[in-house]
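Trainee: Questions regarding the structure given below will be posed in turn.
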Amino acid sequence: ERHIRPQASTASDATTSTSQRILSIHDVDNGQILGFGADLAEDHPGFHDPAYKQRRAWLAEMAKTHRIGTPIPDVEYSPAEVATWDAVLEELSGLLPQHACREYLRCLTLFDFRKGRVPQLEEMNTVLRSTTGWTVRPVAGLMHPRHFLAGLAFKHFHSTQYMRHPSKPSYTPEPDVVHELIGHVPLLADPAYARLIQTIGLASLAADDKQIWHLTKVYWHTVEFGVVREGDQVKAFGAGILSSYGELAHMASGAAALERLDPFRPQPRMAYKDGFQKRYFVLDSFAEGSELLSSYAASLGLPESLRGDASVA
Ligand code: NLE
Ligand code: FE2
């Protein structure tokens, strides 16, 4: 897990203990970045690319200075970044119609995703505001899990804005703007999905540090790499599948094992450094998943008033 290196300047144990309760979106700190961000690991494809590193540092700074409630400044994507966006879009358009879940395909039509321009976060918010009331907010990299998950309870999804390195458009182990916009944002406009992801966030409000780690894995096996039953097939709803041509083709090939999600059981470790997932976790539906997660939240002692409550804000 070499990517997850705490940065001395930002990570502080004192502010992440359970004694500090997160009660509103204003308590969510998007400045605690545990990985990715601007500090590239030696095996990152951009490690020997100074221009790429500089770009990442600039966007990280922009994200860190964003304040809740203020407009998100547009990012001017370079022709090279737009070319990467185009390449991923081109690849994915061949696989998504057949292998993405129906809710995703419906929501996709609400957004202006096309070649030639990388969409802006503000534009995502315009659509989300009028559908489920969700908001995307910029973040520099991988956030502290307690803060990231708490954001979901208040219908905030933290999104990176940098582009993956052009040398490998089909798969990246880290979140990037393609992953966020194509993988995560569309489904946030679907009410049943929005409830499911919020339920994970609400559960986190009642979780101790060990349970936060468990919930992070549950999040990984659903929001990032989950699949959902549709008739006698399974379709992708996890963002890590939907945003990656390589992962999507892998999932479609049927090579990976399928297992039912059980949030009450110990969760297998999160795999991201060693290529595609070896198994995917299956839900019968988003409604079934929400119920399952809501009863898990209840087992943590989350008050009934907060369980699956879509109106908390
Ligand atoms: N592998 C995904 C992609 O290439 O889009 C990103 C996963 C981030 C958790
Ligand atoms: Fe993600």
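FYI, nothing fancy with the structure tokens labels: chains A, B, ... in order, residues from 1 per chain, ligands from 1 as they appear.
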Taking the DSSP secondary structure from the backbone, can you list the residues of segment 114-221 of chain A that are strand (DSSP E or B), as an mmCIF file with N, CA, C and O atoms, in the first residue's frame?
Mentor:
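Done, and the output landed in selection.cif:
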data_model
loop_
_atom_site.group_PDB
_atom_site.id
_atom_site.type_symbol
_atom_site.label_atom_id
_atom_site.label_comp_id
_atom_site.auth_asym_id
_atom_site.auth_seq_id
_atom_site.Cartn_x
_atom_site.Cartn_y
_atom_site.Cartn_z
ATOM 1 N N THR A 135 -24.092 17.331 -4.369
ATOM 2 C CA THR A 135 -23.112 18.347 -4.751
ATOM 3 C C THR A 135 -21.754 17.677 -4.904
ATOM 4 O O THR A 135 -21.396 16.843 -4.072
ATOM 5 N N VAL A 136 -21.024 18.016 -5.943
ATOM 6 C CA VAL A 136 -19.623 17.597 -5.988
ATOM 7 C C VAL A 136 -18.760 18.770 -5.543
ATOM 8 O O VAL A 136 -19.082 19.931 -5.787
ATOM 9 N N ARG A 137 -17.680 18.430 -4.875
ATOM 10 C CA ARG A 137 -16.789 19.451 -4.311
ATOM 11 C C ARG A 137 -15.360 19.033 -4.614
ATOM 12 O O ARG A 137 -15.020 17.854 -4.477
ATOM 13 N N PRO A 138 -14.513 19.970 -5.022
ATOM 14 C CA PRO A 138 -13.152 19.580 -5.395
ATOM 15 C C PRO A 138 -12.320 19.094 -4.218
ATOM 16 O O PRO A 138 -12.495 19.546 -3.090
ATOM 17 N N LEU A 142 -6.699 11.614 -2.446
ATOM 18 C CA LEU A 142 -7.436 10.670 -1.615
ATOM 19 C C LEU A 142 -7.607 11.245 -0.210
ATOM 20 O O LEU A 142 -6.651 11.454 0.514
ATOM 21 N N MET A 143 -8.869 11.482 0.175
ATOM 22 C CA MET A 143 -9.158 12.117 1.459
ATOM 23 C C MET A 143 -9.090 11.123 2.601
ATOM 24 O O MET A 143 -9.246 9.921 2.401
ATOM 25 N N HIS A 156 -22.530 15.205 -0.202
ATOM 26 C CA HIS A 156 -21.386 15.828 -0.888
ATOM 27 C C HIS A 156 -20.438 14.751 -1.367
ATOM 28 O O HIS A 156 -20.035 13.892 -0.573
ATOM 29 N N PHE A 157 -20.089 14.808 -2.624
ATOM 30 C CA PHE A 157 -19.121 13.874 -3.173
ATOM 31 C C PHE A 157 -17.850 14.657 -3.525
ATOM 32 O O PHE A 157 -17.906 15.607 -4.305
ATOM 33 N N HIS A 158 -16.727 14.247 -2.927
ATOM 34 C CA HIS A 158 -15.469 14.950 -3.186
ATOM 35 C C HIS A 158 -14.809 14.394 -4.425
ATOM 36 O O HIS A 158 -14.627 13.181 -4.549
ATOM 37 N N SER A 159 -14.459 15.273 -5.322
ATOM 38 C CA SER A 159 -13.998 14.876 -6.651
ATOM 39 C C SER A 159 -12.656 15.514 -7.006
ATOM 40 O O SER A 159 -12.456 16.705 -6.814
#
Trainee: Would you mind listing the residues within 8 Å of ligand 2, counting only C-alpha atoms and all ligand atoms, as a VMD selection string?
Mentor: chain A and resid 175 179 to 180 183 to 184 223 to 224 239 to 240
Trainee: Just checking: using only C-alpha atoms, which residue out of A:Gln233, A:Ser285, A:Gln211, A:Ser78 ends up closest to Leu300 of chain A?
Mentor: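 Among A:Gln233, A:Ser285, A:Gln211, A:Ser78, it is A:Gln211 that comes nearest to Leu300 of chain A.
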Trainee: Do you have the atom CA of Asp176 of chain A-atom CA of Gln98 of chain A distance handy?
Mentor: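 Separation of atom CA of Asp176 of chain A and atom CA of Gln98 of chain A: 23.9 Å.
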Trainee: Write as a tab-separated table (two decimals) with C-alpha atoms, in the first residue's frame the residues around ligand 1, taking 10 Å as the cut-off and counting only C-alpha atoms and all ligand atoms.
Mentor:
chain	number	residue	atom	x	y	z
A	88	VAL	CA	-11.24	7.19	-22.76
A	142	LEU	CA	-7.44	10.67	-1.61
A	164	ARG	CA	-4.83	10.69	-15.58
A	168	LYS	CA	-2.18	4.85	-19.79
A	169	PRO	CA	-5.73	6.02	-20.51
A	170	SER	CA	-7.45	2.61	-20.12
A	171	TYR	CA	-6.68	2.08	-16.46
A	172	THR	CA	-5.31	4.05	-13.53
A	173	PRO	CA	-5.15	2.89	-9.91
A	174	GLU	CA	-5.93	6.40	-8.64
A	175	PRO	CA	-9.00	8.57	-8.88
A	176	ASP	CA	-8.89	11.27	-11.56
A	177	VAL	CA	-11.39	13.56	-13.30
A	178	VAL	CA	-12.36	10.87	-15.81
A	179	HIS	CA	-13.05	8.41	-13.02
A	180	GLU	CA	-15.08	10.96	-11.05
A	181	LEU	CA	-17.14	12.36	-13.91
A	182	ILE	CA	-17.76	9.20	-15.90
A	183	GLY	CA	-17.63	6.75	-13.01
A	220	TRP	CA	-14.92	-0.08	-2.19
A	223	VAL	CA	-19.53	2.32	-4.93
A	224	GLU	CA	-16.17	1.57	-6.58
A	225	PHE	CA	-16.47	-1.99	-7.83
A	238	GLY	CA	-19.10	0.67	-9.45
A	239	ALA	CA	-17.24	3.76	-10.63
A	240	GLY	CA	-13.90	1.95	-10.79
A	241	ILE	CA	-15.40	-0.35	-13.41
A	242	LEU	CA	-17.38	2.28	-15.33
A	243	SER	CA	-14.43	4.64	-15.79
A	244	SER	CA	-11.90	2.09	-16.98
A	245	TYR	CA	-11.97	0.36	-20.33
A	246	GLY	CA	-9.63	-2.32	-18.98
A	247	GLU	CA	-11.68	-3.00	-15.86
A	248	LEU	CA	-14.97	-2.95	-17.76
A	270	MET	CA	-9.11	-3.43	-1.15
A	271	ALA	CA	-7.11	-4.32	-4.20
A	272	TYR	CA	-5.97	-1.52	-6.48
A	273	LYS	CA	-2.24	-1.83	-7.02
A	275	GLY	CA	-4.58	-4.69	-11.57
A	276	PHE	CA	-8.19	-5.68	-12.11
A	277	GLN	CA	-10.44	-7.00	-9.37
Trainee: Write out as an MDAnalysis selection string all residues of segment 97-205 of chain A that backbone DSSP assigns to alpha helix (DSSP H).
Mentor: chainID A and resid 97:99 102:108 121:129 145:153 177:178 185:188 191:205
Trainee: Which residues come within 12 Å of Glu304 of chain A, counting only C-alpha atoms, excluding same-chain residues fewer than 6 positions away, as a VMD selection string?
Mentor: chain A and resid 199 202 to 203 206 294 to 298
Trainee: Could you write out that same residue set with N, CA and C atoms as a JSON list (two decimals), in the first residue's frame?
Mentor:
[["chain", "number", "residue", "atom", "x", "y", "z"],
["A", 199, "THR", "N", -26.36, 6.19, 2.51],
["A", 199, "THR", "CA", -26.48, 5.29, 3.66],
["A", 199, "THR", "C", -25.10, 4.90, 4.20],
["A", 202, "LEU", "N", -23.95, 7.93, 6.14],
["A", 202, "LEU", "CA", -24.63, 8.06, 7.43],
["A", 202, "LEU", "C", -24.08, 7.06, 8.44],
["A", 203, "ALA", "N", -23.85, 5.83, 7.99],
["A", 203, "ALA", "CA", -23.28, 4.82, 8.89],
["A", 203, "ALA", "C", -21.95, 5.31, 9.46],
["A", 206, "ALA", "N", -21.66, 7.19, 12.80],
["A", 206, "ALA", "CA", -21.75, 6.46, 14.06],
["A", 206, "ALA", "C", -20.57, 5.51, 14.27],
["A", 294, "SER", "N", -28.43, -0.05, 5.61],
["A", 294, "SER", "CA", -29.14, 0.65, 6.66],
["A", 294, "SER", "C", -29.21, -0.22, 7.92],
["A", 295, "SER", "N", -29.39, -1.54, 7.74],
["A", 295, "SER", "CA", -29.40, -2.37, 8.95],
["A", 295, "SER", "C", -27.99, -2.49, 9.52],
["A", 296, "TYR", "N", -26.98, -2.43, 8.66],
["A", 296, "TYR", "CA", -25.62, -2.40, 9.20],
["A", 296, "TYR", "C", -25.41, -1.11, 10.02],
["A", 297, "ALA", "N", -25.89, 0.00, 9.49],
["A", 297, "ALA", "CA", -25.77, 1.28, 10.21],
["A", 297, "ALA", "C", -26.46, 1.21, 11.56],
["A", 298, "ALA", "N", -27.63, 0.54, 11.58],
["A", 298, "ALA", "CA", -28.37, 0.39, 12.84],
["A", 298, "ALA", "C", -27.53, -0.38, 13.85]]
